[in-house]
Amino acid sequence: VDFVSRSDVVDWRRLAPCPQWVEGSRQGDCMSERSDRGRALGQRLDALVAAADLPWKRERLMVLDAQISEPGFWDDPQAAAKTNQERTKVADEIQSLDGLVSGLGDVVELLEMAEEENVEDDLIVIDEEFAALEKTIASLEFTRMLSGEHDSACAYVQIKPGAGGTESMDWAGMLYRMINRYAERKGWRCSVLEYQEGEEAGVQSATLQIDGDFAYGHLKAETGVHRLVRISPFDSNARRHTSFAAISVTPQIDDSIDVEINDADLRVDTYRSSGAGGQHVNKTDSAVRLTHIPTGVVVACQQERSQHKNRATAMKMLAAKLYALEEEKQRAQADAIAGDKGEINFGSQIRSYVLQPYQMVKDHRSSYETSNTGDVLDGDLEAFMEAYLLIGNDEN
């Protein structure tokens, strides 16, 4: 990979000198919004480059390249795959930041020439380039907030309706679609591990495996109870109903983390896969449900036609849930010692989706809200996740 040869911490005044940035010179035309915009982007990019520790990453990339070129590297396919994955991640980060440094430098130089020559077409191109750079930098800043131990992991997402029969099952089905659409927007792979169709509509239970960079870091913001207020399509009197459904998100923990599960603590049930047809249909009792008796944690998988494969996947899901449960206990103990800031109840409402008598989606943790209910239910969740992560960073 050819990387841009620039300083790791960029002095934007030296990289693309704009007279406005030199005190006391050319006040007037150079004091433009575009110059301020370029300087602000340069400062944000400096912060990203400094936080990424690019000198260390460049050295790490050379070490990984040397390992990959060694004879016998592929003798251990599992270890080789992890090394290759790390190499790709490090190289992509270096190339991304170097590309931004180079791109912003080019735009700032173009801006300087446009200010001198007053070329309108150049200003249009500059505005478009600034908008694209702002979008990319904002995305990288968002990713920086995902610094938790498992934030970079893939995720298991379980969706269950609350009390309310068909209404809640239909709402759970809407949340199932919302999460799927969000994964599609991100370009992530979404696999159905378990799907139990509702009696009249929606789902009784569904579990998804979502594979993508920082999938857990993003989706953990969805954990909790979601409340829907709408005119019920199942009520002949067209009355307004309130429905609840819960989303649980756990990380797909690394195989190197050992979670001890005693077979004596497990109840294993097998059953025939069911659902809406297609991939959910299976003619044998290959679906597996595991119940961890001491904790009451239940997981199920019906993705494969092989009972053994479904059990293996279910065991990984169970290990992830037990690991997350243990982490939650440790956090609760730490809060008790430090003095809890407020009572936190499992299953408390995190977000309300109001479709009638007005249109509003509001997150009760961050107070972020929007009237674009259709976009949110179609998977536009990034703003809610960013607001949630900002709260977590402020508390830390």
# chains A, B, ... in the order shown; residues from 1 in each chain; ligands from 1
>>> residues_around(residues="A:Tyr216", least_positions_apart="6", cutoff="12 Å", atoms="only C-alpha atoms", output="PDB file with all heavy atoms, in the first residue's frame")
ATOM      1  N   THR A 143     -16.590   6.978  15.248  1.00  0.00           N
ATOM      2  CA  THR A 143     -15.936   5.700  15.524  1.00  0.00           C
ATOM      3  C   THR A 143     -14.985   5.804  16.712  1.00  0.00           C
ATOM      4  O   THR A 143     -14.833   4.858  17.480  1.00  0.00           O
ATOM      5  CB  THR A 143     -15.173   5.215  14.269  1.00  0.00           C
ATOM      6  OG1 THR A 143     -16.094   5.084  13.183  1.00  0.00           O
ATOM      7  CG2 THR A 143     -14.513   3.867  14.518  1.00  0.00           C
ATOM      8  N   LEU A 146     -16.209   4.778  20.064  1.00  0.00           N
ATOM      9  CA  LEU A 146     -16.433   3.356  20.316  1.00  0.00           C
ATOM     10  C   LEU A 146     -15.147   2.744  20.867  1.00  0.00           C
ATOM     11  O   LEU A 146     -14.417   2.038  20.175  1.00  0.00           O
ATOM     12  CB  LEU A 146     -16.866   2.659  19.019  1.00  0.00           C
ATOM     13  CG  LEU A 146     -18.101   3.255  18.338  1.00  0.00           C
ATOM     14  CD1 LEU A 146     -18.365   2.567  17.006  1.00  0.00           C
ATOM     15  CD2 LEU A 146     -19.317   3.131  19.244  1.00  0.00           C
ATOM     16  N   SER A 147     -14.876   3.020  22.127  1.00  0.00           N
ATOM     17  CA  SER A 147     -13.620   2.597  22.737  1.00  0.00           C
ATOM     18  C   SER A 147     -13.812   1.507  23.782  1.00  0.00           C
ATOM     19  O   SER A 147     -12.879   1.153  24.495  1.00  0.00           O
ATOM     20  CB  SER A 147     -12.918   3.800  23.371  1.00  0.00           C
ATOM     21  OG  SER A 147     -13.776   4.418  24.326  1.00  0.00           O
ATOM     22  N   GLY A 148     -15.040   0.965  23.900  1.00  0.00           N
ATOM     23  CA  GLY A 148     -15.292  -0.105  24.862  1.00  0.00           C
ATOM     24  C   GLY A 148     -14.558  -1.383  24.488  1.00  0.00           C
ATOM     25  O   GLY A 148     -14.121  -1.567  23.348  1.00  0.00           O
ATOM     26  N   GLU A 149     -14.446  -2.268  25.466  1.00  0.00           N
ATOM     27  CA  GLU A 149     -13.654  -3.486  25.269  1.00  0.00           C
ATOM     28  C   GLU A 149     -14.145  -4.306  24.088  1.00  0.00           C
ATOM     29  O   GLU A 149     -13.355  -4.884  23.341  1.00  0.00           O
ATOM     30  CB  GLU A 149     -13.697  -4.333  26.550  1.00  0.00           C
ATOM     31  CG  GLU A 149     -12.831  -5.587  26.476  1.00  0.00           C
ATOM     32  CD  GLU A 149     -12.875  -6.398  27.755  1.00  0.00           C
ATOM     33  OE1 GLU A 149     -13.570  -5.977  28.709  1.00  0.00           O
ATOM     34  OE2 GLU A 149     -12.219  -7.460  27.799  1.00  0.00           O
ATOM     35  N   HIS A 150     -15.453  -4.372  23.887  1.00  0.00           N
ATOM     36  CA  HIS A 150     -16.003  -5.218  22.821  1.00  0.00           C
ATOM     37  C   HIS A 150     -16.687  -4.402  21.724  1.00  0.00           C
ATOM     38  O   HIS A 150     -17.400  -4.975  20.889  1.00  0.00           O
ATOM     39  CB  HIS A 150     -17.010  -6.206  23.409  1.00  0.00           C
ATOM     40  CG  HIS A 150     -16.429  -7.100  24.457  1.00  0.00           C
ATOM     41  ND1 HIS A 150     -15.406  -7.990  24.197  1.00  0.00           N
ATOM     42  CD2 HIS A 150     -16.709  -7.230  25.785  1.00  0.00           C
ATOM     43  CE1 HIS A 150     -15.087  -8.634  25.313  1.00  0.00           C
ATOM     44  NE2 HIS A 150     -15.859  -8.190  26.283  1.00  0.00           N
ATOM     45  N   ASP A 151     -16.489  -3.093  21.704  1.00  0.00           N
ATOM     46  CA  ASP A 151     -17.201  -2.259  20.737  1.00  0.00           C
ATOM     47  C   ASP A 151     -16.905  -2.643  19.285  1.00  0.00           C
ATOM     48  O   ASP A 151     -17.748  -2.465  18.409  1.00  0.00           O
ATOM     49  CB  ASP A 151     -16.863  -0.784  20.955  1.00  0.00           C
ATOM     50  CG  ASP A 151     -17.644  -0.185  22.113  1.00  0.00           C
ATOM     51  OD1 ASP A 151     -18.533  -0.880  22.654  1.00  0.00           O
ATOM     52  OD2 ASP A 151     -17.367   0.961  22.492  1.00  0.00           O
ATOM     53  N   SER A 152     -15.714  -3.150  19.020  1.00  0.00           N
ATOM     54  CA  SER A 152     -15.359  -3.494  17.640  1.00  0.00           C
ATOM     55  C   SER A 152     -15.915  -4.851  17.208  1.00  0.00           C
ATOM     56  O   SER A 152     -15.791  -5.227  16.045  1.00  0.00           O
ATOM     57  CB  SER A 152     -13.836  -3.507  17.487  1.00  0.00           C
ATOM     58  OG  SER A 152     -13.261  -4.496  18.334  1.00  0.00           O
ATOM     59  N   ALA A 153     -16.537  -5.578  18.127  1.00  0.00           N
ATOM     60  CA  ALA A 153     -17.009  -6.938  17.836  1.00  0.00           C
ATOM     61  C   ALA A 153     -18.300  -6.932  17.032  1.00  0.00           C
ATOM     62  O   ALA A 153     -19.012  -5.930  16.932  1.00  0.00           O
ATOM     63  CB  ALA A 153     -17.219  -7.702  19.142  1.00  0.00           C
ATOM     64  N   CYS A 154     -18.600  -8.095  16.456  1.00  0.00           N
ATOM     65  CA  CYS A 154     -19.901  -8.319  15.840  1.00  0.00           C
ATOM     66  C   CYS A 154     -20.939  -8.476  16.960  1.00  0.00           C
ATOM     67  O   CYS A 154     -20.583  -8.533  18.132  1.00  0.00           O
ATOM     68  CB  CYS A 154     -19.866  -9.559  14.963  1.00  0.00           C
ATOM     69  SG  CYS A 154     -18.652  -9.454  13.619  1.00  0.00           S
ATOM     70  N   ALA A 155     -22.222  -8.534  16.598  1.00  0.00           N
ATOM     71  CA  ALA A 155     -23.260  -8.471  17.625  1.00  0.00           C
ATOM     72  C   ALA A 155     -24.346  -9.513  17.415  1.00  0.00           C
ATOM     73  O   ALA A 155     -24.650  -9.899  16.285  1.00  0.00           O
ATOM     74  CB  ALA A 155     -23.890  -7.079  17.645  1.00  0.00           C
ATOM     75  N   TYR A 156     -24.922  -9.946  18.535  1.00  0.00           N
ATOM     76  CA  TYR A 156     -26.158 -10.728  18.525  1.00  0.00           C
ATOM     77  C   TYR A 156     -27.284  -9.788  18.967  1.00  0.00           C
ATOM     78  O   TYR A 156     -27.160  -9.088  19.982  1.00  0.00           O
ATOM     79  CB  TYR A 156     -26.089 -11.901  19.500  1.00  0.00           C
ATOM     80  CG  TYR A 156     -25.040 -12.939  19.178  1.00  0.00           C
ATOM     81  CD1 TYR A 156     -24.007 -13.216  20.086  1.00  0.00           C
ATOM     82  CD2 TYR A 156     -25.079 -13.661  17.996  1.00  0.00           C
ATOM     83  CE1 TYR A 156     -23.046 -14.186  19.806  1.00  0.00           C
ATOM     84  CE2 TYR A 156     -24.124 -14.624  17.703  1.00  0.00           C
ATOM     85  CZ  TYR A 156     -23.111 -14.877  18.606  1.00  0.00           C
ATOM     86  OH  TYR A 156     -22.163 -15.825  18.331  1.00  0.00           O
ATOM     87  N   VAL A 157     -28.366  -9.763  18.220  1.00  0.00           N
ATOM     88  CA  VAL A 157     -29.504  -8.915  18.541  1.00  0.00           C
ATOM     89  C   VAL A 157     -30.740  -9.788  18.725  1.00  0.00           C
ATOM     90  O   VAL A 157     -31.140 -10.508  17.806  1.00  0.00           O
ATOM     91  CB  VAL A 157     -29.766  -7.875  17.434  1.00  0.00           C
ATOM     92  CG1 VAL A 157     -30.963  -6.994  17.802  1.00  0.00           C
ATOM     93  CG2 VAL A 157     -28.531  -7.021  17.195  1.00  0.00           C
ATOM     94  N   ALA A 183     -28.664  -2.429   9.443  1.00  0.00           N
ATOM     95  CA  ALA A 183     -27.513  -3.236   9.035  1.00  0.00           C
ATOM     96  C   ALA A 183     -27.263  -3.108   7.536  1.00  0.00           C
ATOM     97  O   ALA A 183     -26.104  -3.031   7.094  1.00  0.00           O
ATOM     98  CB  ALA A 183     -27.744  -4.698   9.428  1.00  0.00           C
ATOM     99  N   TRP A 188     -23.465  -4.177   6.511  1.00  0.00           N
ATOM    100  CA  TRP A 188     -23.123  -5.317   7.354  1.00  0.00           C
ATOM    101  C   TRP A 188     -23.896  -6.560   6.921  1.00  0.00           C
ATOM    102  O   TRP A 188     -24.966  -6.459   6.303  1.00  0.00           O
ATOM    103  CB  TRP A 188     -23.440  -5.015   8.815  1.00  0.00           C
ATOM    104  CG  TRP A 188     -22.598  -3.924   9.414  1.00  0.00           C
ATOM    105  CD1 TRP A 188     -21.397  -3.477   8.967  1.00  0.00           C
ATOM    106  CD2 TRP A 188     -22.914  -3.146  10.573  1.00  0.00           C
ATOM    107  NE1 TRP A 188     -20.930  -2.468   9.769  1.00  0.00           N
ATOM    108  CE2 TRP A 188     -21.845  -2.243  10.769  1.00  0.00           C
ATOM    109  CE3 TRP A 188     -23.980  -3.127  11.466  1.00  0.00           C
ATOM    110  CZ2 TRP A 188     -21.810  -1.338  11.821  1.00  0.00           C
ATOM    111  CZ3 TRP A 188     -23.956  -2.213  12.517  1.00  0.00           C
ATOM    112  CH2 TRP A 188     -22.883  -1.332  12.688  1.00  0.00           C
ATOM    113  N   GLN A 209     -27.669 -12.352  13.957  1.00  0.00           N
ATOM    114  CA  GLN A 209     -26.219 -12.189  14.095  1.00  0.00           C
ATOM    115  C   GLN A 209     -25.799 -11.152  13.072  1.00  0.00           C
ATOM    116  O   GLN A 209     -26.027 -11.323  11.875  1.00  0.00           O
ATOM    117  CB  GLN A 209     -25.478 -13.502  13.851  1.00  0.00           C
ATOM    118  CG  GLN A 209     -23.953 -13.361  13.931  1.00  0.00           C
ATOM    119  CD  GLN A 209     -23.235 -14.674  13.718  1.00  0.00           C
ATOM    120  OE1 GLN A 209     -23.706 -15.729  14.148  1.00  0.00           O
ATOM    121  NE2 GLN A 209     -22.090 -14.638  13.040  1.00  0.00           N
ATOM    122  N   ILE A 210     -25.200 -10.066  13.520  1.00  0.00           N
ATOM    123  CA  ILE A 210     -24.821  -8.973  12.632  1.00  0.00           C
ATOM    124  C   ILE A 210     -23.309  -8.851  12.617  1.00  0.00           C
ATOM    125  O   ILE A 210     -22.677  -8.586  13.648  1.00  0.00           O
ATOM    126  CB  ILE A 210     -25.484  -7.659  13.073  1.00  0.00           C
ATOM    127  CG1 ILE A 210     -27.011  -7.825  13.006  1.00  0.00           C
ATOM    128  CG2 ILE A 210     -25.036  -6.508  12.178  1.00  0.00           C
ATOM    129  CD1 ILE A 210     -27.797  -6.607  13.389  1.00  0.00           C
ATOM    130  N   GLU A 222     -29.246   0.283  21.311  1.00  0.00           N
ATOM    131  CA  GLU A 222     -30.632  -0.154  21.139  1.00  0.00           C
ATOM    132  C   GLU A 222     -31.114  -1.074  22.253  1.00  0.00           C
ATOM    133  O   GLU A 222     -32.293  -1.449  22.278  1.00  0.00           O
ATOM    134  CB  GLU A 222     -30.782  -0.861  19.787  1.00  0.00           C
ATOM    135  CG  GLU A 222     -30.411   0.005  18.588  1.00  0.00           C
ATOM    136  CD  GLU A 222     -31.168   1.315  18.576  1.00  0.00           C
ATOM    137  OE1 GLU A 222     -32.409   1.281  18.464  1.00  0.00           O
ATOM    138  OE2 GLU A 222     -30.521   2.377  18.703  1.00  0.00           O
ATOM    139  N   THR A 223     -30.238  -1.472  23.156  1.00  0.00           N
ATOM    140  CA  THR A 223     -30.630  -2.371  24.234  1.00  0.00           C
ATOM    141  C   THR A 223     -31.619  -1.703  25.188  1.00  0.00           C
ATOM    142  O   THR A 223     -31.351  -0.623  25.720  1.00  0.00           O
ATOM    143  CB  THR A 223     -29.395  -2.835  25.025  1.00  0.00           C
ATOM    144  OG1 THR A 223     -28.567  -3.632  24.180  1.00  0.00           O
ATOM    145  CG2 THR A 223     -29.803  -3.662  26.239  1.00  0.00           C
ATOM    146  N   SER A 248     -32.333  -6.799  22.935  1.00  0.00           N
ATOM    147  CA  SER A 248     -31.141  -7.133  23.726  1.00  0.00           C
ATOM    148  C   SER A 248     -29.974  -7.320  22.767  1.00  0.00           C
ATOM    149  O   SER A 248     -30.068  -8.090  21.813  1.00  0.00           O
ATOM    150  CB  SER A 248     -31.380  -8.416  24.533  1.00  0.00           C
ATOM    151  OG  SER A 248     -30.191  -8.844  25.157  1.00  0.00           O
ATOM    152  N   VAL A 249     -28.879  -6.615  23.007  1.00  0.00           N
ATOM    153  CA  VAL A 249     -27.700  -6.682  22.135  1.00  0.00           C
ATOM    154  C   VAL A 249     -26.495  -7.134  22.958  1.00  0.00           C
ATOM    155  O   VAL A 249     -26.202  -6.551  24.009  1.00  0.00           O
ATOM    156  CB  VAL A 249     -27.399  -5.327  21.479  1.00  0.00           C
ATOM    157  CG1 VAL A 249     -26.208  -5.445  20.516  1.00  0.00           C
ATOM    158  CG2 VAL A 249     -28.627  -4.807  20.733  1.00  0.00           C
ATOM    159  N   THR A 250     -25.820  -8.175  22.509  1.00  0.00           N
ATOM    160  CA  THR A 250     -24.621  -8.673  23.179  1.00  0.00           C
ATOM    161  C   THR A 250     -23.502  -8.836  22.160  1.00  0.00           C
ATOM    162  O   THR A 250     -23.758  -9.090  20.979  1.00  0.00           O
ATOM    163  CB  THR A 250     -24.873 -10.038  23.864  1.00  0.00           C
ATOM    164  OG1 THR A 250     -25.463 -10.940  22.916  1.00  0.00           O
ATOM    165  CG2 THR A 250     -25.801  -9.886  25.054  1.00  0.00           C
ATOM    166  N   PRO A 251     -22.244  -8.666  22.588  1.00  0.00           N
ATOM    167  CA  PRO A 251     -21.131  -8.803  21.642  1.00  0.00           C
ATOM    168  C   PRO A 251     -20.820 -10.260  21.350  1.00  0.00           C
ATOM    169  O   PRO A 251     -21.039 -11.145  22.190  1.00  0.00           O
ATOM    170  CB  PRO A 251     -19.967  -8.140  22.386  1.00  0.00           C
ATOM    171  CG  PRO A 251     -20.290  -8.374  23.831  1.00  0.00           C
ATOM    172  CD  PRO A 251     -21.790  -8.303  23.937  1.00  0.00           C
ATOM    173  N   GLN A 252     -20.322 -10.515  20.164  1.00  0.00           N
ATOM    174  CA  GLN A 252     -19.827 -11.843  19.822  1.00  0.00           C
ATOM    175  C   GLN A 252     -18.401 -11.913  20.347  1.00  0.00           C
ATOM    176  O   GLN A 252     -17.469 -11.431  19.725  1.00  0.00           O
ATOM    177  CB  GLN A 252     -19.863 -12.043  18.307  1.00  0.00           C
ATOM    178  CG  GLN A 252     -19.528 -13.463  17.870  1.00  0.00           C
ATOM    179  CD  GLN A 252     -19.685 -13.634  16.377  1.00  0.00           C
ATOM    180  OE1 GLN A 252     -20.179 -12.763  15.675  1.00  0.00           O
ATOM    181  NE2 GLN A 252     -19.242 -14.761  15.859  1.00  0.00           N
ATOM    182  N   ILE A 253     -18.235 -12.488  21.539  1.00  0.00           N
ATOM    183  CA  ILE A 253     -16.946 -12.417  22.226  1.00  0.00           C
ATOM    184  C   ILE A 253     -15.913 -13.291  21.541  1.00  0.00           C
ATOM    185  O   ILE A 253     -16.233 -14.290  20.893  1.00  0.00           O
ATOM    186  CB  ILE A 253     -17.071 -12.811  23.712  1.00  0.00           C
ATOM    187  CG1 ILE A 253     -17.548 -14.252  23.857  1.00  0.00           C
ATOM    188  CG2 ILE A 253     -17.995 -11.854  24.439  1.00  0.00           C
ATOM    189  CD1 ILE A 253     -17.567 -14.724  25.289  1.00  0.00           C
ATOM    190  N   ALA A 320     -21.710 -15.409  25.192  1.00  0.00           N
ATOM    191  CA  ALA A 320     -21.715 -13.951  25.072  1.00  0.00           C
ATOM    192  C   ALA A 320     -22.665 -13.327  26.078  1.00  0.00           C
ATOM    193  O   ALA A 320     -22.344 -12.312  26.723  1.00  0.00           O
ATOM    194  CB  ALA A 320     -22.114 -13.550  23.651  1.00  0.00           C
ATOM    195  N   ALA A 324     -21.683 -10.907  29.214  1.00  0.00           N
ATOM    196  CA  ALA A 324     -22.287  -9.581  29.371  1.00  0.00           C
ATOM    197  C   ALA A 324     -22.986  -9.455  30.722  1.00  0.00           C
ATOM    198  O   ALA A 324     -22.947  -8.398  31.361  1.00  0.00           O
ATOM    199  CB  ALA A 324     -23.274  -9.319  28.233  1.00  0.00           C
ATOM    200  N   MET A 385     -27.723   6.850  18.065  1.00  0.00           N
ATOM    201  CA  MET A 385     -26.551   6.163  18.599  1.00  0.00           C
ATOM    202  C   MET A 385     -25.463   7.147  18.983  1.00  0.00           C
ATOM    203  O   MET A 385     -24.809   7.005  20.026  1.00  0.00           O
ATOM    204  CB  MET A 385     -26.036   5.154  17.570  1.00  0.00           C
ATOM    205  CG  MET A 385     -27.016   4.029  17.304  1.00  0.00           C
ATOM    206  SD  MET A 385     -26.447   2.920  15.998  1.00  0.00           S
ATOM    207  CE  MET A 385     -27.813   1.740  15.964  1.00  0.00           C
TER     208      MET A 385
END
>>> residues_around(residues="A:Leu193", least_positions_apart="3", cutoff="10 Å", atoms="only C-alpha atoms", output="PyMOL selection string")
chain A and resi 156-158+190+206-209+280+287+299-304+310+313-314+317
>>> select_by_dssp(residues="stretch 58-190 of chain A", states="strand (DSSP E or B)", output="ChimeraX atom specification")
/A:155-161,189-190
>>> residues_around(residues="stretch 162-176 of chain A", least_positions_apart="4", cutoff="9 Å", atoms="only C-alpha atoms", output="number ranges by chain")
A: 158, 180-181, 197-208, 225-228, 232-234, 241-247, 377
>>> write_last_selection(atoms="N, CA, C and O atoms", output="short mmCIF file (atom, residue, chain, number, x, y, z; two decimals), in the first residue's frame")
data_model
loop_
_atom_site.label_atom_id
_atom_site.label_comp_id
_atom_site.auth_asym_id
_atom_site.auth_seq_id
_atom_site.Cartn_x
_atom_site.Cartn_y
_atom_site.Cartn_z
N GLN A 158 -31.33 -9.74 19.91
CA GLN A 158 -32.54 -10.51 20.21
C GLN A 158 -33.71 -9.55 20.40
O GLN A 158 -33.60 -8.54 21.09
N ASN A 180 -32.74 -4.74 10.75
CA ASN A 180 -32.26 -5.26 9.47
C ASN A 180 -31.92 -4.14 8.50
O ASN A 180 -30.89 -4.18 7.81
N ARG A 181 -32.78 -3.13 8.42
CA ARG A 181 -32.55 -2.03 7.50
C ARG A 181 -31.32 -1.22 7.92
O ARG A 181 -30.56 -0.74 7.07
N GLU A 197 -42.44 -16.84 14.27
CA GLU A 197 -43.45 -15.93 13.74
C GLU A 197 -44.59 -15.73 14.74
O GLU A 197 -44.96 -16.65 15.48
N GLY A 198 -45.15 -14.52 14.77
CA GLY A 198 -46.29 -14.24 15.62
C GLY A 198 -47.54 -14.98 15.14
O GLY A 198 -47.63 -15.37 13.98
N GLU A 199 -48.48 -15.15 16.03
CA GLU A 199 -49.68 -15.92 15.70
C GLU A 199 -50.50 -15.25 14.61
O GLU A 199 -51.01 -15.90 13.71
N GLU A 200 -50.63 -13.91 14.66
CA GLU A 200 -51.38 -13.18 13.65
C GLU A 200 -50.49 -12.22 12.86
O GLU A 200 -50.75 -11.97 11.68
N ALA A 201 -49.50 -11.68 13.50
CA ALA A 201 -48.61 -10.71 12.85
C ALA A 201 -47.30 -10.63 13.63
O ALA A 201 -47.22 -11.05 14.78
N GLY A 202 -46.27 -10.07 13.01
CA GLY A 202 -45.01 -9.83 13.70
C GLY A 202 -44.27 -11.08 14.10
O GLY A 202 -44.38 -12.12 13.44
N VAL A 203 -43.53 -10.98 15.20
CA VAL A 203 -42.70 -12.09 15.66
C VAL A 203 -42.89 -12.32 17.16
O VAL A 203 -43.14 -11.38 17.92
N GLN A 204 -42.80 -13.59 17.56
CA GLN A 204 -42.78 -13.93 18.98
C GLN A 204 -41.38 -13.80 19.55
O GLN A 204 -41.19 -13.45 20.71
N SER A 205 -40.40 -14.13 18.71
CA SER A 205 -39.00 -14.04 19.13
C SER A 205 -38.13 -14.10 17.88
O SER A 205 -38.43 -14.83 16.94
N ALA A 206 -37.06 -13.31 17.87
CA ALA A 206 -36.13 -13.33 16.75
C ALA A 206 -34.73 -13.01 17.25
O ALA A 206 -34.57 -12.16 18.14
N THR A 207 -33.74 -13.67 16.69
CA THR A 207 -32.35 -13.42 17.04
C THR A 207 -31.55 -13.27 15.76
O THR A 207 -31.62 -14.12 14.87
N LEU A 208 -30.78 -12.18 15.67
CA LEU A 208 -29.96 -11.89 14.50
C LEU A 208 -28.49 -11.89 14.88
O LEU A 208 -28.13 -11.50 16.00
N VAL A 225 -36.12 -1.36 26.41
CA VAL A 225 -37.52 -1.47 26.02
C VAL A 225 -37.90 -0.31 25.11
O VAL A 225 -37.60 0.85 25.42
N HIS A 226 -38.55 -0.62 24.00
CA HIS A 226 -38.98 0.37 23.02
C HIS A 226 -40.51 0.46 23.06
O HIS A 226 -41.19 -0.57 23.01
N ARG A 227 -41.03 1.68 23.12
CA ARG A 227 -42.47 1.92 23.28
C ARG A 227 -43.05 2.54 22.02
O ARG A 227 -42.49 3.49 21.47
N LEU A 228 -44.17 2.00 21.56
CA LEU A 228 -44.85 2.49 20.37
C LEU A 228 -46.26 2.98 20.72
O LEU A 228 -47.00 2.29 21.41
N SER A 232 -54.17 1.51 16.29
CA SER A 232 -53.95 0.09 16.05
C SER A 232 -54.60 -0.36 14.73
O SER A 232 -55.80 -0.12 14.51
N PRO A 233 -53.84 -1.04 13.86
CA PRO A 233 -54.44 -1.61 12.65
C PRO A 233 -55.27 -2.85 12.95
O PRO A 233 -55.96 -3.37 12.08
N PHE A 234 -55.21 -3.33 14.21
CA PHE A 234 -55.95 -4.53 14.60
C PHE A 234 -57.19 -4.19 15.42
O PHE A 234 -57.88 -5.08 15.91
N HIS A 241 -53.29 2.73 20.66
CA HIS A 241 -52.74 1.68 21.52
C HIS A 241 -51.27 1.97 21.81
O HIS A 241 -50.57 2.59 21.02
N THR A 242 -50.82 1.51 22.96
CA THR A 242 -49.40 1.57 23.34
C THR A 242 -48.85 0.16 23.43
O THR A 242 -49.44 -0.70 24.08
N SER A 243 -47.74 -0.07 22.74
CA SER A 243 -47.13 -1.40 22.70
C SER A 243 -45.68 -1.32 23.14
O SER A 243 -45.02 -0.28 22.97
N PHE A 244 -45.18 -2.42 23.68
CA PHE A 244 -43.79 -2.49 24.14
C PHE A 244 -43.11 -3.72 23.53
O PHE A 244 -43.73 -4.76 23.35
N ALA A 245 -41.83 -3.57 23.24
CA ALA A 245 -40.99 -4.69 22.82
C ALA A 245 -39.57 -4.42 23.27
O ALA A 245 -39.17 -3.25 23.43
N ALA A 246 -38.82 -5.48 23.51
CA ALA A 246 -37.47 -5.33 24.05
C ALA A 246 -36.43 -5.79 23.04
O ALA A 246 -36.62 -6.77 22.32
N ILE A 247 -35.32 -5.04 22.98
CA ILE A 247 -34.16 -5.42 22.18
C ILE A 247 -33.00 -5.67 23.12
O ILE A 247 -32.73 -4.86 24.02
N LEU A 377 -37.84 4.28 11.52
CA LEU A 377 -38.33 2.91 11.41
C LEU A 377 -37.77 2.20 10.19
O LEU A 377 -37.83 0.97 10.10
#
